[in-house]
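*Asks:* Here you go, my_file26.csv (CSV, C-alpha atoms):
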chain,number,residue,atom,x,y,z
A,1156,MET,CA,-123.6,-41.6,-41.5
A,1157,THR,CA,-126.3,-43.5,-39.6
A,1158,ALA,CA,-129.7,-44.5,-40.9
A,1159,GLU,CA,-131.1,-41.9,-38.5
A,1160,ASP,CA,-129.0,-39.2,-40.1
A,1161,ASN,CA,-130.2,-40.2,-43.5
A,1162,LYS,CA,-133.8,-40.1,-42.4
A,1163,ASN,CA,-133.3,-36.6,-40.9
A,1164,ASN,CA,-131.7,-35.4,-44.2
A,1165,ASP,CA,-134.7,-36.6,-46.1
A,1166,ASN,CA,-137.1,-34.7,-43.8
A,1167,PRO,CA,-137.3,-31.0,-44.7
A,1168,GLU,CA,-138.9,-30.1,-41.4
A,1169,SER,CA,-136.1,-31.8,-39.5
A,1170,THR,CA,-133.5,-30.1,-41.5
A,1171,VAL,CA,-135.0,-26.7,-40.9
A,1172,LEU,CA,-135.3,-27.4,-37.2
A,1173,ARG,CA,-131.6,-28.5,-37.1
A,1174,ARG,CA,-130.5,-25.4,-38.8
A,1175,GLY,CA,-132.5,-23.3,-36.4
A,1176,LEU,CA,-131.0,-25.0,-33.4
A,1177,ALA,CA,-127.5,-24.5,-34.9
A,1178,ILE,CA,-128.1,-20.8,-35.2
A,1179,VAL,CA,-129.3,-20.5,-31.6
A,1180,ALA,CA,-126.5,-22.7,-30.4
A,1181,GLY,CA,-123.9,-20.6,-32.2
A,1182,LYS,CA,-125.2,-17.4,-30.6
A,1183,LEU,CA,-125.2,-19.1,-27.2
A,1184,ILE,CA,-121.6,-20.3,-27.7
A,1185,ILE,CA,-120.5,-16.8,-28.6
A,1186,GLY,CA,-122.3,-15.3,-25.6
A,1187,VAL,CA,-120.7,-17.8,-23.2
A,1188,ALA,CA,-117.2,-17.3,-24.7
A,1189,SER,CA,-117.6,-13.5,-24.3
A,1190,LEU,CA,-118.9,-13.9,-20.7
A,1191,LEU,CA,-116.0,-16.2,-19.7
A,1192,THR,CA,-113.2,-14.5,-21.4
A,1193,GLY,CA,-114.3,-11.0,-22.3
A,1194,VAL,CA,-112.6,-11.8,-25.6
A,1195,ARG,CA,-111.6,-9.0,-27.9
A,1196,ALA,CA,-110.1,-9.0,-31.3
A,1197,ILE,CA,-107.1,-6.8,-32.2
A,1198,TRP,CA,-106.5,-6.4,-36.0
A,1199,SER,CA,-103.0,-5.1,-36.6
A,1200,GLY,CA,-101.6,-4.9,-40.1
A,1201,THR,CA,-104.8,-6.1,-41.6
A,1202,SER,CA,-108.6,-5.6,-41.2
A,1203,PRO,CA,-111.6,-7.9,-41.4
A,1204,LYS,CA,-112.2,-8.6,-45.1
A,1205,ALA,CA,-114.5,-10.8,-47.1
A,1206,ASP,CA,-111.4,-12.0,-49.1
A,1207,GLN,CA,-110.8,-15.7,-48.9
A,1208,THR,CA,-108.5,-16.2,-45.9
A,1209,LEU,CA,-106.5,-19.0,-44.2
A,1210,TYR,CA,-106.2,-18.0,-40.5
A,1211,PHE,CA,-103.3,-19.9,-38.8
A,1212,ALA,CA,-103.0,-19.7,-35.0
A,1213,ASN,CA,-101.3,-21.1,-32.0
A,1214,HIS,CA,-103.1,-24.1,-30.4
A,1215,THR,CA,-103.2,-24.7,-26.7
A,1216,SER,CA,-106.9,-25.7,-26.1
A,1217,HIS,CA,-109.9,-27.3,-27.7
A,1218,GLY,CA,-111.5,-23.9,-27.4
A,1219,ASP,CA,-109.0,-22.1,-29.6
A,1220,PHE,CA,-111.0,-22.2,-32.8
A,1221,VAL,CA,-114.2,-21.4,-30.9
A,1222,LEU,CA,-112.7,-18.1,-29.6
A,1223,LEU,CA,-111.1,-17.2,-33.0
A,1224,TRP,CA,-114.4,-18.0,-34.8
A,1225,ALA,CA,-116.4,-16.0,-32.3
A,1226,THR,CA,-114.3,-12.8,-32.8
A,1227,LEU,CA,-114.8,-12.7,-36.6
A,1228,PRO,CA,-117.6,-10.4,-37.8
A,1229,PRO,CA,-120.8,-12.4,-38.5
A,1230,ASP,CA,-120.5,-12.1,-42.3
A,1231,LEU,CA,-116.9,-13.6,-42.2
A,1232,ARG,CA,-117.9,-16.2,-39.6
A,1233,ALA,CA,-120.4,-17.6,-42.1
A,1234,LEU,CA,-117.7,-18.1,-44.7
A,1235,THR,CA,-115.0,-19.5,-42.4
A,1236,ARG,CA,-114.6,-23.2,-41.4
A,1237,PRO,CA,-112.4,-24.4,-38.5
A,1238,VAL,CA,-110.2,-27.4,-39.2
A,1239,ALA,CA,-111.0,-29.8,-36.4
A,1240,GLY,CA,-110.0,-33.2,-35.2
A,1241,GLN,CA,-112.6,-35.7,-36.3
A,1242,ASP,CA,-111.9,-38.1,-33.4
A,1243,TYR,CA,-112.7,-35.4,-30.8
A,1244,TRP,CA,-115.7,-33.7,-32.5
A,1245,GLU,CA,-117.4,-37.0,-33.4
A,1246,ALA,CA,-117.0,-38.6,-30.0
A,1247,SER,CA,-120.6,-37.7,-29.0
A,1248,LYS,CA,-123.8,-36.6,-30.7
A,1249,LEU,CA,-123.6,-33.2,-29.0
A,1250,ARG,CA,-120.0,-32.6,-30.2
A,1251,ASN,CA,-120.9,-33.8,-33.6
A,1252,PHE,CA,-123.8,-31.4,-33.8
A,1253,ILE,CA,-121.7,-28.5,-32.6
A,1254,GLY,CA,-118.8,-29.3,-34.9
A,1255,ARG,CA,-120.7,-30.0,-38.1
A,1256,ASP,CA,-123.9,-27.9,-37.8
A,1257,VAL,CA,-122.8,-24.9,-35.7
A,1258,PHE,CA,-119.2,-24.5,-36.9
A,1259,ASN,CA,-119.4,-26.3,-40.3
A,1260,ALA,CA,-116.0,-27.6,-39.3
A,1261,LEU,CA,-113.7,-29.4,-41.8
A,1262,MET,CA,-113.2,-32.7,-40.0
A,1263,ILE,CA,-109.6,-34.2,-40.2
A,1264,ARG,CA,-108.7,-37.7,-39.2
A,1265,ARG,CA,-105.6,-37.7,-36.8
A,1266,ASP,CA,-105.3,-41.4,-36.1
A,1267,GLY,CA,-102.8,-42.1,-38.8
A,1268,SER,CA,-105.1,-44.6,-40.4
A,1269,GLY,CA,-105.0,-43.0,-43.8
A,1270,GLN,CA,-108.8,-43.0,-44.0
A,1271,GLY,CA,-110.5,-39.8,-45.0
A,1272,GLY,CA,-107.7,-38.5,-47.2
A,1273,ASN,CA,-104.6,-36.5,-46.6
A,1274,PRO,CA,-105.3,-33.6,-44.2
A,1275,VAL,CA,-103.5,-31.1,-46.4
A,1276,ASP,CA,-105.3,-32.3,-49.5
A,1277,GLN,CA,-108.6,-31.9,-47.6
A,1278,MET,CA,-107.8,-28.3,-46.7
A,1279,LYS,CA,-106.6,-27.6,-50.2
A,1280,GLU,CA,-109.9,-28.9,-51.6
A,1281,ALA,CA,-111.9,-26.7,-49.2
A,1282,LEU,CA,-109.9,-23.6,-50.1
A,1283,GLU,CA,-110.3,-24.3,-53.8
A,1284,GLY,CA,-114.0,-24.6,-53.2
A,1285,GLY,CA,-114.1,-21.1,-51.9
A,1286,ASP,CA,-114.1,-21.6,-48.1
A,1287,SER,CA,-111.9,-19.7,-45.6
A,1288,LEU,CA,-110.3,-21.8,-43.0
A,1289,ILE,CA,-109.0,-21.7,-39.4
A,1290,MET,CA,-106.0,-24.0,-39.0
A,1291,PHE,CA,-103.3,-24.7,-36.4
A,1292,PRO,CA,-99.9,-25.3,-38.0
A,1293,GLU,CA,-98.4,-26.9,-34.9
A,1294,GLY,CA,-100.5,-29.9,-35.8
A,1295,THR,CA,-101.4,-30.7,-32.2
A,1296,ARG,CA,-102.4,-29.0,-29.0
A,1297,ASN,CA,-99.4,-27.5,-27.2
A,1298,THR,CA,-99.8,-28.7,-23.6
A,1299,GLY,CA,-96.1,-28.4,-22.6
A,1300,GLU,CA,-93.9,-25.5,-21.6
A,1301,ASP,CA,-92.8,-24.4,-25.1
A,1302,ILE,CA,-94.4,-21.2,-26.2
A,1303,LEU,CA,-94.9,-22.5,-29.7
A,1304,LEU,CA,-94.3,-25.9,-31.2
A,1305,PRO,CA,-92.5,-26.3,-34.5
A,1306,LEU,CA,-94.8,-25.6,-37.4
A,1307,LYS,CA,-95.6,-28.5,-39.7
A,1308,SER,CA,-95.2,-28.3,-43.5
A,1309,GLY,CA,-98.9,-28.2,-44.3
A,1310,LEU,CA,-99.0,-24.4,-44.1
A,1311,PHE,CA,-96.3,-24.1,-46.7
A,1312,HIS,CA,-97.9,-26.5,-49.1
A,1313,LEU,CA,-101.2,-24.7,-48.8
A,1314,ALA,CA,-99.5,-21.3,-49.4
A,1315,ARG,CA,-97.9,-22.7,-52.5
A,1316,ALA,CA,-101.1,-24.5,-53.8
A,1317,CYS,CA,-103.5,-21.6,-53.1
A,1318,PRO,CA,-101.6,-18.3,-53.8
A,1319,HIS,CA,-104.8,-16.3,-54.0
A,1320,VAL,CA,-105.7,-17.0,-50.4
A,1321,ARG,CA,-104.7,-14.5,-47.7
A,1322,LEU,CA,-102.5,-16.0,-45.0
A,1323,VAL,CA,-103.3,-14.3,-41.7
A,1324,PRO,CA,-101.2,-15.2,-38.6
A,1325,VAL,CA,-103.2,-15.2,-35.3
A,1326,TRP,CA,-102.1,-15.3,-31.7
A,1327,ILE,CA,-104.7,-16.4,-29.1
A,1328,GLU,CA,-103.7,-15.1,-25.7
A,1329,ASN,CA,-104.5,-16.6,-22.3
A,1330,LEU,CA,-107.0,-19.4,-23.4
A,1331,LYS,CA,-104.6,-22.1,-22.1
A,1332,ARG,CA,-105.2,-20.6,-18.6
A,1333,VAL,CA,-109.0,-20.5,-19.1
A,1334,LEU,CA,-109.4,-24.1,-20.2
A,1335,PRO,CA,-106.2,-26.0,-19.1
A,1336,LYS,CA,-105.9,-29.7,-20.1
A,1337,GLY,CA,-108.0,-32.0,-17.9
A,1338,VAL,CA,-110.2,-29.1,-16.5
A,1339,LEU,CA,-113.9,-29.4,-17.2
A,1340,VAL,CA,-115.1,-26.0,-15.7
A,1341,PRO,CA,-113.5,-23.0,-17.5
A,1342,ILE,CA,-111.7,-20.4,-15.3
A,1343,PRO,CA,-112.9,-16.8,-16.2
A,1344,LEU,CA,-110.0,-14.8,-17.5
A,1345,ALA,CA,-109.6,-12.1,-20.1
A,1346,CYS,CA,-108.5,-13.3,-23.6
A,1347,THR,CA,-107.4,-11.6,-26.7
A,1348,VAL,CA,-107.3,-12.8,-30.3
A,1349,ARG,CA,-104.6,-10.9,-32.3
A,1350,PHE,CA,-104.7,-10.8,-36.1
A,1351,GLY,CA,-101.5,-9.9,-37.8
A,1352,THR,CA,-100.2,-8.8,-41.2
A,1353,PRO,CA,-100.9,-11.3,-44.0
A,1354,LEU,CA,-97.9,-13.3,-45.2
A,1355,VAL,CA,-97.1,-13.9,-48.9
A,1356,LEU,CA,-95.0,-16.8,-50.1
A,1357,ALA,CA,-92.2,-15.2,-52.0
A,1358,GLU,CA,-91.2,-16.5,-55.4
A,1359,GLY,CA,-88.8,-19.3,-55.0
A,1360,GLU,CA,-89.0,-19.3,-51.2
A,1361,ASP,CA,-88.3,-22.7,-49.7
A,1362,LYS,CA,-90.3,-24.4,-46.9
A,1363,VAL,CA,-87.8,-23.8,-44.1
A,1364,SER,CA,-87.6,-20.0,-44.8
A,1365,PHE,CA,-91.3,-19.6,-45.1
A,1366,LEU,CA,-92.2,-21.6,-42.0
A,1367,ALA,CA,-89.6,-19.6,-40.0
A,1368,ARG,CA,-91.2,-16.3,-41.2
A,1369,ALA,CA,-94.7,-17.7,-40.3
A,1370,ARG,CA,-93.4,-18.7,-36.8
A,1371,THR,CA,-91.9,-15.3,-36.3
A,1372,ALA,CA,-95.1,-13.5,-37.4
A,1373,MET,CA,-97.0,-15.5,-34.8
A,1374,LEU,CA,-94.5,-15.0,-31.9
A,1375,ASP,CA,-94.2,-11.3,-32.7
A,1376,MET,CA,-97.9,-10.8,-31.7
A,1377,ARG,CA,-97.4,-11.9,-28.1
A,1378,PRO,CA,-98.1,-9.3,-25.5
A,1379,GLU,CA,-95.0,-7.9,-23.7
A,1380,TYR,CA,-95.5,-9.8,-20.5
A,1381,ASP,CA,-95.3,-13.1,-22.5
A,1382,ARG,CA,-92.1,-12.2,-24.3
A,1383,THR,CA,-89.7,-12.7,-21.4
A,1384,ASP,CA,-89.1,-15.4,-18.9
A,1385,GLY,CA,-88.8,-14.8,-15.1
A,1386,ASN,CA,-85.2,-13.6,-15.5
A,1387,GLY,CA,-86.1,-11.0,-18.1
A,1388,ASN,CA,-84.6,-13.0,-21.0
A,1389,GLY,CA,-86.2,-13.2,-24.3
A,1390,ASN,CA,-88.4,-16.2,-24.9
A,1391,ASN,CA,-89.0,-17.1,-28.5
A,1392,GLY,CA,-90.3,-20.6,-27.8
A,1393,GLY,CA,-88.6,-23.9,-27.8
A,1394,THR,CA,-88.0,-26.0,-30.9
A,1395,SER,CA,-88.1,-29.4,-29.2
A,1396,GLY,CA,-91.9,-29.8,-28.7
A,1397,GLN,CA,-94.2,-32.6,-29.8
A,1398,ASN,CA,-94.5,-33.7,-33.4
A,1399,GLY,CA,-97.8,-35.6,-33.1
A,1400,GLY,CA,-101.1,-34.8,-34.6
A,1401,SER,CA,-102.2,-34.3,-38.2
A,1402,ALA,CA,-99.9,-33.9,-41.2
A,1403,ALA,CA,-101.0,-30.3,-41.4
Here is a file; write its structure as structure tokens.
*Replies:*
Amino acid sequence: MTAEDNKNNDNPESTVLRRGLAIVAGKLIIGVASLLTGVRAIWSGTSPKADQTLYFANHTSHGDFVLLWATLPPDLRALTRPVAGQDYWEASKLRNFIGRDVFNALMIRRDGSGQGGNPVDQMKEALEGGDSLIMFPEGTRNTGEDILLPLKSGLFHLARACPHVRLVPVWIENLKRVLPKGVLVPIPLACTVRFGTPLVLAEGEDKVSFLARARTAMLDMRPEYDRTDGNGNGNNGGTSGQNGGSAA
């Protein structure tokens, strides 16, 4: 934190102004997201609840958590923190303001330096503190051809450590086409955020079995057109994918 940040924190008027700007910016972001994507939420097997929840979703764009966050009801939005890459969201003052003040994101270091603590431990601490979280169990953005990368073990460890937290699978449809990698201007296309039936870690269930169930729960929410390849064959996603990103 810089000396300027400390000065702002000591100034009540500056703090109030910053909070006011964050509220306005949040509403603007939701409006722009709705305008560009016509985003709608589909809740199947569950419904919006104030219960503490870990939403775990597929990850193809920097805009993923924005769209998921925007589709939550306002009361749940205020309780839910996206898990975000610190390197990206602290790269500029504007991103830092949006990440920390607008979204109240839980910043995770992804550079492998070991600074900032273990990502899974950070998420566990936030859950134990009462927050709901949005996480991406692939651990990195999926910019390749696989429909879904292998899920990392963090989801399993969080399910075991915080059994009171609802585990809701989410499938974000079409955002990869709206904001493809390297494109600065979004392409207006309809997007859907699908919320599925909560998962429960069974007594004695091992990591491999649980992650396989979680993966299936995510893939099962894909729309019909995205379930087959050009030859009409089922496409359940590759298992080769990248293994980079955070330990989550």
*Asks:* Rank nothing, just name the residue among A:Ser1247, A:Asn1213, A:Ser1169, A:Thr1208 nearest to Val1348 of chain A, using all atoms listed in the file.
*Replies:*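 For Val1348 of chain A, the nearest of the given residues is A:Asn1213.
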*Asks:* Which one is closest to Pro1274 of chain A: A:Ala1239, A:Leu1366, A:Leu1322, A:Ile1185? Count only C-alpha atoms.
*Replies:*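 Answer, going by the shortest atom-to-atom distance: A:Ala1239.
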*Asks:* If you count all atoms listed in the file, which residues fall within 10 Å of Arg1370 of chain A, apart from same-chain ones fewer than 5 positions away, as a list in words?
*Replies:*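 Surrounding residues, per the criterion: Ala1212, Asn1213, Pro1292, Glu1293, Leu1303, Leu1304, Pro1305, Leu1306, Pro1324, Ser1364, Phe1365, Asp1375, Asn1391 and Gly1392 of chain A.
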*Asks:* One decimal, in Å: what's the spacing between atom CA of Thr1170 of chain A and atom CA of Ser1189 of chain A?
*Replies:*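 The value is 28.7 Å.
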*Asks:* For atom CA of Gly1351 of chain A and atom CA of Gln1277 of chain A, determine how far apart the two atoms are, in Å to one decimal place.
*Replies:*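 Between atom CA of Gly1351 of chain A and atom CA of Gln1277 of chain A the gap works out to 25.1 Å.
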